[in-house]
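Report on the structure given below.
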Amino acid sequence: MKFTLKVWRQPARDKPGRFETHEVSDVSPDTSFLEMLDILNNRLEGESKSPIVFDSDCREGICGACSIVINGRAHGDGEGTTTCQLYMRNFKDGETLVLEPFRARAFPVLKDLVVDRSAFDRIIQAGGYVSVNTGAPQDANALPVPKVNADLAMDAAQCIGCGACVAACKNASAMLFVGAKVSHLALLPQGAVERERRVLSMIEQMEAEGFGNCTNEYECEAQCPKQISVSNIARLNREFYRAKARE
Amino acid sequence: MNLVSIVKKALMALTGLAWIGFLVGHLSGNFLLLRGADAFNGYAAFLASLGSLLYVVEAALILFLLLHIYSGLRVTLENRRARPVRYAVAATAGRATVASRTMAAGGIIIAVFLVVHVKMFKFTSHQDVNNGLWGLVVDTFKEPAWVGAYIIAMLAVGMHVSHGLASAFQTLGLIKPRWRESFRRTGFAIGWLLAAGFITLPVWCYLVPTN
Amino acid sequence: MILDSKIPDGPLEEKWDRHRFNLKLVNPANKRKHRVIVVGTGLAGASAAASLGELGYDVLSFCFQDSARRAHSIAAQGGINAAKNYRNDGDSVFRLFYDTVKGGDYRSREANVHRLAAVSVNIIDQCVAQGVPFAREYGGLLDNRSFGGAQVSRTFYARGQTGQQLLLGAYGALMRQVHAKKVKLYTRHEMLDLVVIDGKARGIITRDLVTGALERWIADAVCLATGGYGNVFFLSTNAKNCNVTAAYRAYRRGAYFANPCFTQIHPTCIPVSGDHQSKLTLMSESLRNDGRVWVPKNKGDQRSPRDVPESERDYYLERRYPSFGNLVPRDVASRNAKAQCDEGKGVGPGGYGVYLDFSDAIERDSLATIQAKYGNLFDMYEEITGENAYHVPMRIYPAVHYTMGGLWVDYNLMGTIPGLFVLGEANFSDHGANRLGASALMQGLADGYFILPYTIGGYIASQSGLGGQTTQHEAFAEAESAVRERAEKLLSVNGKRTVDSFHRQLGKLMWEYCGMSRTRGGLEHLLKEIPGLRAEFWENVTVQGSPGEFNQCLERAGRVADFLEFAELMATDALSREESCGGHFREEHQTEDGEAKRDDENFCHVSAWAFKGVGVTPELHKEPLTFENVKLTQRSYK
C-alpha cells in the first residue's frame, strides 16, 4: 500500500510549526499505523533527516502514550482504539493522511506530534485517589460492594489518560477525564468517604489548567479509545452539585 | 467573576429550561390567533389584567435571558481560548450536530429577534389598528419579508432547543444512561415542534385571514 | 566477594517478622532529612515512592514516560495472586509459597518467596482500600479465578486490565504524595548512570528527554524499579521503550547481575506477521482455561483449520500432560509449541503458530459465555490479525514476556552496592527460573508497599547520612561527563545503518540462539557474533539530531548500545548454566521425553555476574540455594 502523509513538524515548544509531506510506499496491510511511522522514520534516519517525534510505548492500547490526531480524529477513526491499534488495512490505499498533535491550550506541543499532558497528572494530584496510607487496612472482603456499582466503577476506571477526549472536544474540555475518575471513586464505598472534597478540588484544578467547558456534544465519548460513557460527566455534575450543597 | 464551568453551565441550563417553558406557554397562547380577533385579544387583555404578576414574570424572563446570554458568552469565549490552534482537518465522529455547533450563532440570531419581536408587538401601539393586537399581528405578516424573517428566527429557535434541551438535563446531571437516547430524541422533537408551531402562525397570517 | 543473602535465622514463617523487628528504625522526625531516589513508576516504583513518601522520607521519583501512570505494569492483563483462600479450596500462604518455588523450578530463595506469599494477602487489602475495582460477585465480595496452571482459585482480577487498575491505584497513592509535597516527580527523565561514592550508591545522572539537559541527583539511597530486559530480543511483549539501561549502568558500576539467562517466554501471543513488526502482543493466558491447543497431525498441512477432521488433529498438550492439559506452566507450553513448529506442524505465516481453539468451549458453554469472558481479547485478536476467532481458531505463538533475572539483591532487596535497592522485575529474587502467572504484579507491589519501606529504613538508620557530600563531588562530575561523551560519540558516528536495524538484528540473534531453547554451539556462536555487531554499531550507526533537544533517536541509540553489551552477559550466563530449568532450556540437558533436566548437584545456585569491562568475560559469583522446606523434585505436570 501507498500513503501520502502530511505531518505536523514543530522543533520545540513555542516555536512555529508547519506541515511536511512524506510519501510511504510498499506498506503491508498488516503493518500497524505506528509501525508505518517507524518505517518512515527509519528511512528518514537513513537519509540523515530528523525523524518524526511521536509518543508511543505499550503499543497495545493500554498505556495511553500515543496521541495523534489523524485526519481530524483523535486516534484516527476506529471505534474504541488508540493510534497504536490502528492497522494500515483500515485505510484506503493511496490515501492522504494528515497527522496533527492533540490541540489544546492545556496540552502544549513539545515537539512534532508530542504534547505535554501533565495537566492530567495535576488534576489527579488534586484528589483523584483514596487517601489511605500503606499499612494494614481491613480485610478486602470486609466491605461488600454491589456488583453493579463495582462494574460501573470499572467502566469508568478503564480511562487510560490519553487525552483523546480533550483532543476530540471542540472546546478542549477535560470533563470526561475528570468525570471518569470522580465516578470510579464515588461509586465505591472506599472512595465515597471523601467524594465532596475530591470533586471540588479536581474541578478547581481542571479549571486552572485552562481546559474548556463541556457543551454536551459527546464527541469525547465517540473518540475515547475505552469508550468511557458521558454518563460519567452527568455523574460528575451531580457530584459537584452535591458537594456544593454540602459545602 | 470567577465561576466554575459547571456553575456557568448549570445557570445556562436552568435559564434555558425556564425559557423553553415560557415558549411552550407562549405558543399555546398564540394559537388563539387562529380562533380570531376576539379570542386572541381577550387572551392579551387577560394577561394585561394580571398586572404586577405579569411584571414579575417578565422581569424574571429578562433576568434569565441576561444570565443565559452572559454564561453563554463566557462559555463560548473560554472555549475558544481553550484551543488556540485549530486543527487543519476538521472532522467529527458523528456526535456533533449542526445544532451543537451553532449554539452561539443561533443564540445571537435569537437575541436580535427578541429585541425586534418585543419592539414590534409589545411596544407598538395597536390602539388605532383594526381588530387591535390581532390586527397588528395579521397586518405585519401580510409582509412576506417579515414572514421570512420570522421563519429564520424560529428555525434558529428550533435548532437551539433541539440541542439545548437534552443538553440542559445532562448538565444538571439528571440523565441516566438508559434514558439518554430518549432524552436526545425528546429534546430534538420538542425543539422542532416549537419551531414548527411558531412558524405556522406567520404563515397562516400571510395566507388566510383578512383584516 | 562472598554473596551474603542476609536471610534471617529462624523458622521460615517467622523470618520476616523477626527481621522486621531486628531492623533499625529511622526516627520519624529525621526521615524528612533523608532523601531516597526511586527510578521507575511501575507497580514497584510507584508503590515504593508513595509508601516512602507516606513514611516521611524526602523522595525523588523518576520515569521516562510522560506520566507516571504509563509504566508497562499497566499492560498486565490476567490478575494478581494472593493466598486469601476466599474460595475455601485449600489455598494457604504455604501453598502459594510452594507453588511459586516449584513453578520457579527451584531456583529462587525460599525465604524471599515465603515472604512474598505472606504479604500477598496485604496487597489485596491495600488495593481494595485504594479503590481498585476488582471483579466482584453478586454478593458483593471479591471474585477469584484459577490462573496460569494453579490448582486453586487465588487470582484476583479487574476484567482484562488488572495491571492497569493496580498501577492506577499505586499511581494515585504516588500522586497523593506529590500533592503533599513528600515526593517530587520528574517525568520524561531517563536515568543514564548510577553515581557511586566511597562504594555506596549515592545518586544518579538523568537526561531530561524534552530539553536534553543532564542533571545530577544525590540521595541517601537509590532504588531501581526499572523493569526487565525483554526488549533485548527486539520483539517482545514489552513496551517499545522498556530497556535495560538503568540496571545495566548499575551493573557497570559494580552491582552484580543475577541469572540474566532466565527469561520467560509467554505461550499465548499473537504470531509475528512480518518484518515490519515492532512488538508482539500477548493475550491473557486465561484463554487457556477454555481454549484447546492443537496442530495438524500431518506436517505441512495447508488446509483451513475447520477442514482438519478431529482424527487428524494433535491436541499435544492434553496428550502429553493428561492432568494439567492446556494449563501446563508457561515454559512447558511454550517449549511444546516450538517443538511442534520445529517439526513442521506449525500453522500460519512461516509455520510459526499453533491453534488455540474455542469451538468446544463455545459448544459447551454458549457463545455468549465465551464472549463475556474473553470478548475484549477476541476483539483485540481480530484488530491485529483481521481474523474472527469465534469462527476460526486463534493462532498463537510464544513470545518473550518477562525476565526473571535481574540485579542481584539480598533479603533486604539491596544489591551488591550498598544503598542500591532493586525492586520488581528489575531484581532477580522471587521467581527463580520461571514465573507463575499473576505473580509479577504480586511481586512488584510486595516489594514496593511492604518490603522496601522497612528494609530501606534499616539501611538508612545504619548509615550516617550524606556527610556533607553534594552533587559537586567528583564522582558526579565523572559520571555526568561519561554520559555526555557517550551521547556525543553516538551522534558523531554518522554511519549508514539505523539504530532499529541493529536492534532488530541483535533481537534475531538472541531469539535464535538464546531464546526458547539453547545449545552450547549456538551460544558460542552468539558470543562470537555479538562483539562484531557491537563494533559495527559504533562504526556505522546513524543517530540524528543533537544532544540538547527532544531526541528519540538518541534515546533509542543509548538503549540499544546497552543491549548490545548486555546480550553478551546473557549469553555467557546461558552458556555457563549447564542444565535446563524453567525458562532456560539447554537442549543438551533434557529427559528422554524432552522435558527440562535440572542439575541440582551443580547448579542449585544463583549465578551473579560482576562487570569486568566491555567484551571481557564477567566474573561469576555463586550464591548457593538451600531448600529446607520444599523437597526438590522434577516438576511434573503429567
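Chain identifiers are assigned as A, B, and so on, following the order in which chains appear in the C-alpha cells; residues are numbered from 1 within each chain, and ligands are numbered from 1 in order of appearance.
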Members of stretch 208-319 of chain C assigned alpha helix (DSSP H) by DSSP, as a PyMOL selection string:
chain C and resi 245-252+316-319
Using only C-alpha atoms, tabulate the residues of chain B lying at most 6 Å from any atom of chain A, each with its closest atom pair and that distance in Å to one decimal, by chain and increasing residue number, as JSON lines.
```
{"residue": "B:Ser5", "atom": "CA", "partner": "A:Asn213", "partner_atom": "CA", "distance": 5.8}
{"residue": "B:Asn79", "atom": "CA", "partner": "A:Gly212", "partner_atom": "CA", "distance": 4.6}
{"residue": "B:Ala82", "atom": "CA", "partner": "A:Gly212", "partner_atom": "CA", "distance": 5.1}
{"residue": "B:Arg83", "atom": "CA", "partner": "A:Ala104", "partner_atom": "CA", "distance": 4.6}
{"residue": "B:Val89", "atom": "CA", "partner": "A:Gly72", "partner_atom": "CA", "distance": 4.7}
{"residue": "B:Ala90", "atom": "CA", "partner": "A:Gly72", "partner_atom": "CA", "distance": 5.1}
{"residue": "B:Ala91", "atom": "CA", "partner": "A:Gly72", "partner_atom": "CA", "distance": 4.8}
{"residue": "B:Arg95", "atom": "CA", "partner": "A:Glu219", "partner_atom": "CA", "distance": 5.4}
{"residue": "B:Ala96", "atom": "CA", "partner": "A:Glu217", "partner_atom": "CA", "distance": 5.3}
{"residue": "B:Ser167", "atom": "CA", "partner": "A:Asn216", "partner_atom": "CA", "distance": 5.7}
{"residue": "B:Gln170", "atom": "CA", "partner": "A:Ala234", "partner_atom": "CA", "distance": 5.4}
{"residue": "B:Gly173", "atom": "CA", "partner": "A:Ala234", "partner_atom": "CA", "distance": 4.1}
{"residue": "B:Pro177", "atom": "CA", "partner": "A:Ser231", "partner_atom": "CA", "distance": 5.7}
```
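Put simply, atom CA of C:Asp379 is 16.4 Å away from atom CA of A:Gln158.
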Just need the residues of chain C within 7 Å of chain A, counting only C-alpha atoms, so spit them out as a VMD selection string.
chain C and resid 51 54 67 70 72 74 to 75 122 124 to 126 128 to 131 133 136 to 142 172 to 173 175 to 176 178 to 179 238 to 241 276 to 278 281 449 496 to 498 542 544 to 545 552
Got a sec: who's within 10 Å of C:Ile362, counting only C-alpha atoms, leaving out chain neighbours fewer than 5 positions off, as a short mmCIF file (atom, residue, chain, number, x, y, z; two decimals) with N, CA and C atoms, in the first residue's frame?
```
data_model
loop_
_atom_site.label_atom_id
_atom_site.label_comp_id
_atom_site.auth_asym_id
_atom_site.auth_seq_id
_atom_site.Cartn_x
_atom_site.Cartn_y
_atom_site.Cartn_z
N ASP C 290 -10.12 -22.18 28.59
CA ASP C 290 -11.20 -22.70 27.76
C ASP C 290 -10.76 -23.11 26.35
N GLY C 291 -9.63 -22.58 25.91
CA GLY C 291 -9.19 -22.92 24.56
C GLY C 291 -8.39 -24.22 24.57
N ASP C 357 -8.11 -23.27 20.12
CA ASP C 357 -9.43 -23.48 19.53
C ASP C 357 -10.52 -23.39 20.61
N LEU C 367 -21.90 -19.34 23.10
CA LEU C 367 -21.10 -18.25 22.55
C LEU C 367 -21.09 -17.05 23.51
N ALA C 368 -22.27 -16.79 24.10
CA ALA C 368 -22.39 -15.62 24.97
C ALA C 368 -21.44 -15.71 26.16
N THR C 369 -21.31 -16.92 26.71
CA THR C 369 -20.43 -17.09 27.87
C THR C 369 -18.99 -16.79 27.48
N ILE C 370 -18.58 -17.32 26.35
CA ILE C 370 -17.20 -17.11 25.91
C ILE C 370 -16.98 -15.63 25.60
N GLN C 371 -18.00 -15.01 24.99
CA GLN C 371 -17.89 -13.58 24.70
C GLN C 371 -17.74 -12.77 25.98
N TYR C 390 -13.97 -16.45 16.86
CA TYR C 390 -15.15 -17.25 17.20
C TYR C 390 -15.41 -18.28 16.10
#
```
So that I can check the surroundings of stretch 523-538 of chain C, please list as number ranges by chain every protein, DNA and RNA residue that reaches within 10 Å of it, counting only C-alpha atoms and ignoring chain neighbours fewer than 2 positions away.
C: 489-490, 492-499, 501-503, 505-506, 509-510, 512-514, 518-521, 540-542, 557, 560-576, 614-615
What lies within 6 Å of stretch 97-103 of chain B using only C-alpha atoms, ignoring chain neighbours under 6 positions off, as a list in words?
Met159, His160 and His163 of chain B
Those same residues, written as a PDB file, in the first residue's frame with C-alpha atoms?
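Wrote it out as selection_1.pdb, contents follow:
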```pdb
ATOM      1  CA  MET B 159     -32.100  24.380  16.332  1.00  0.00           C
ATOM      2  CA  HIS B 160     -31.099  25.947  19.633  1.00  0.00           C
ATOM      3  CA  HIS B 163     -29.587  20.556  21.279  1.00  0.00           C
TER       4      HIS B 163
END
```
As a check of understanding: the span from atom CA of C:Leu167 to atom CA of C:Pro260 is 25.8 Å
Report as a JSON list (two decimals) with N, CA, C and O atoms, in the first residue's frame all protein, DNA and RNA residues lying within 9 Å of C:Pro329, evaluated on only C-alpha atoms, omitting residues in the same chain fewer than 5 positions from it.
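Output saved as out25.json:
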```json
[["chain", "number", "residue", "atom", "x", "y", "z"],
["C", 103, "GLY", "N", 7.12, -23.78, 40.75],
["C", 103, "GLY", "CA", 6.95, -23.17, 39.43],
["C", 103, "GLY", "C", 8.24, -22.54, 38.95],
["C", 103, "GLY", "O", 8.54, -22.54, 37.76],
["C", 148, "GLY", "N", -3.12, -19.56, 35.17],
["C", 148, "GLY", "CA", -1.74, -19.95, 34.89],
["C", 148, "GLY", "C", -1.35, -21.28, 35.50],
["C", 148, "GLY", "O", -0.24, -21.43, 36.00],
["C", 149, "GLY", "N", -2.26, -22.22, 35.47],
["C", 149, "GLY", "CA", -1.90, -23.56, 35.91],
["C", 149, "GLY", "C", -2.03, -23.80, 37.40],
["C", 149, "GLY", "O", -1.72, -24.88, 37.89],
["C", 150, "ALA", "N", -2.50, -22.80, 38.16],
["C", 150, "ALA", "CA", -2.67, -23.04, 39.59],
["C", 150, "ALA", "C", -3.91, -23.91, 39.80],
["C", 150, "ALA", "O", -4.88, -23.80, 39.07],
["C", 324, "PHE", "N", -2.65, -31.79, 33.65],
["C", 324, "PHE", "CA", -2.70, -30.34, 33.52],
["C", 324, "PHE", "C", -3.20, -29.89, 32.16],
["C", 324, "PHE", "O", -3.74, -28.81, 32.01],
["C", 334, "SER", "N", 5.19, -23.19, 26.13],
["C", 334, "SER", "CA", 5.94, -22.51, 25.07],
["C", 334, "SER", "C", 6.85, -23.47, 24.33],
["C", 334, "SER", "O", 6.91, -23.50, 23.11],
["C", 434, "ASN", "N", 11.47, -19.45, 36.42],
["C", 434, "ASN", "CA", 10.21, -19.35, 35.69],
["C", 434, "ASN", "C", 9.20, -18.70, 36.61],
["C", 434, "ASN", "O", 9.09, -19.03, 37.78],
["C", 435, "ARG", "N", 8.46, -17.73, 36.06],
["C", 435, "ARG", "CA", 7.48, -17.05, 36.89],
["C", 435, "ARG", "C", 6.09, -17.60, 36.62],
["C", 435, "ARG", "O", 5.72, -17.84, 35.48],
["C", 436, "LEU", "N", 5.33, -17.79, 37.68],
["C", 436, "LEU", "CA", 3.95, -18.24, 37.51],
["C", 436, "LEU", "C", 3.07, -17.07, 37.11],
["C", 436, "LEU", "O", 3.35, -15.92, 37.45],
["C", 437, "GLY", "N", 1.99, -17.38, 36.42],
["C", 437, "GLY", "CA", 1.05, -16.34, 36.01],
["C", 437, "GLY", "C", 0.51, -15.61, 37.24],
["C", 437, "GLY", "O", 0.35, -16.20, 38.31],
["C", 637, "TYR", "N", 3.98, -32.28, 35.28],
["C", 637, "TYR", "CA", 2.62, -31.81, 35.05],
["C", 637, "TYR", "C", 1.83, -32.84, 34.27],
["C", 637, "TYR", "O", 0.87, -32.54, 33.61]]
```
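One finds atom CA of B:Ala195 at 18.4 Å from atom CA of B:Leu207.
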Fewer than 4 positions away in the same chain doesn't count, so skip those; otherwise give me all residues within 12 Å of C:Asn81, counting only C-alpha atoms, as JSON, numbers by chain.
{"C": [85, 86, 91, 92, 93, 95, 96, 97, 99, 100, 116, 117, 118, 119, 120, 121, 122, 123, 124, 144, 145, 146, 147, 148, 150, 152, 153, 154, 155, 156, 157, 162, 163, 436, 437, 438, 439, 440, 441, 442, 443, 444, 445, 446]}
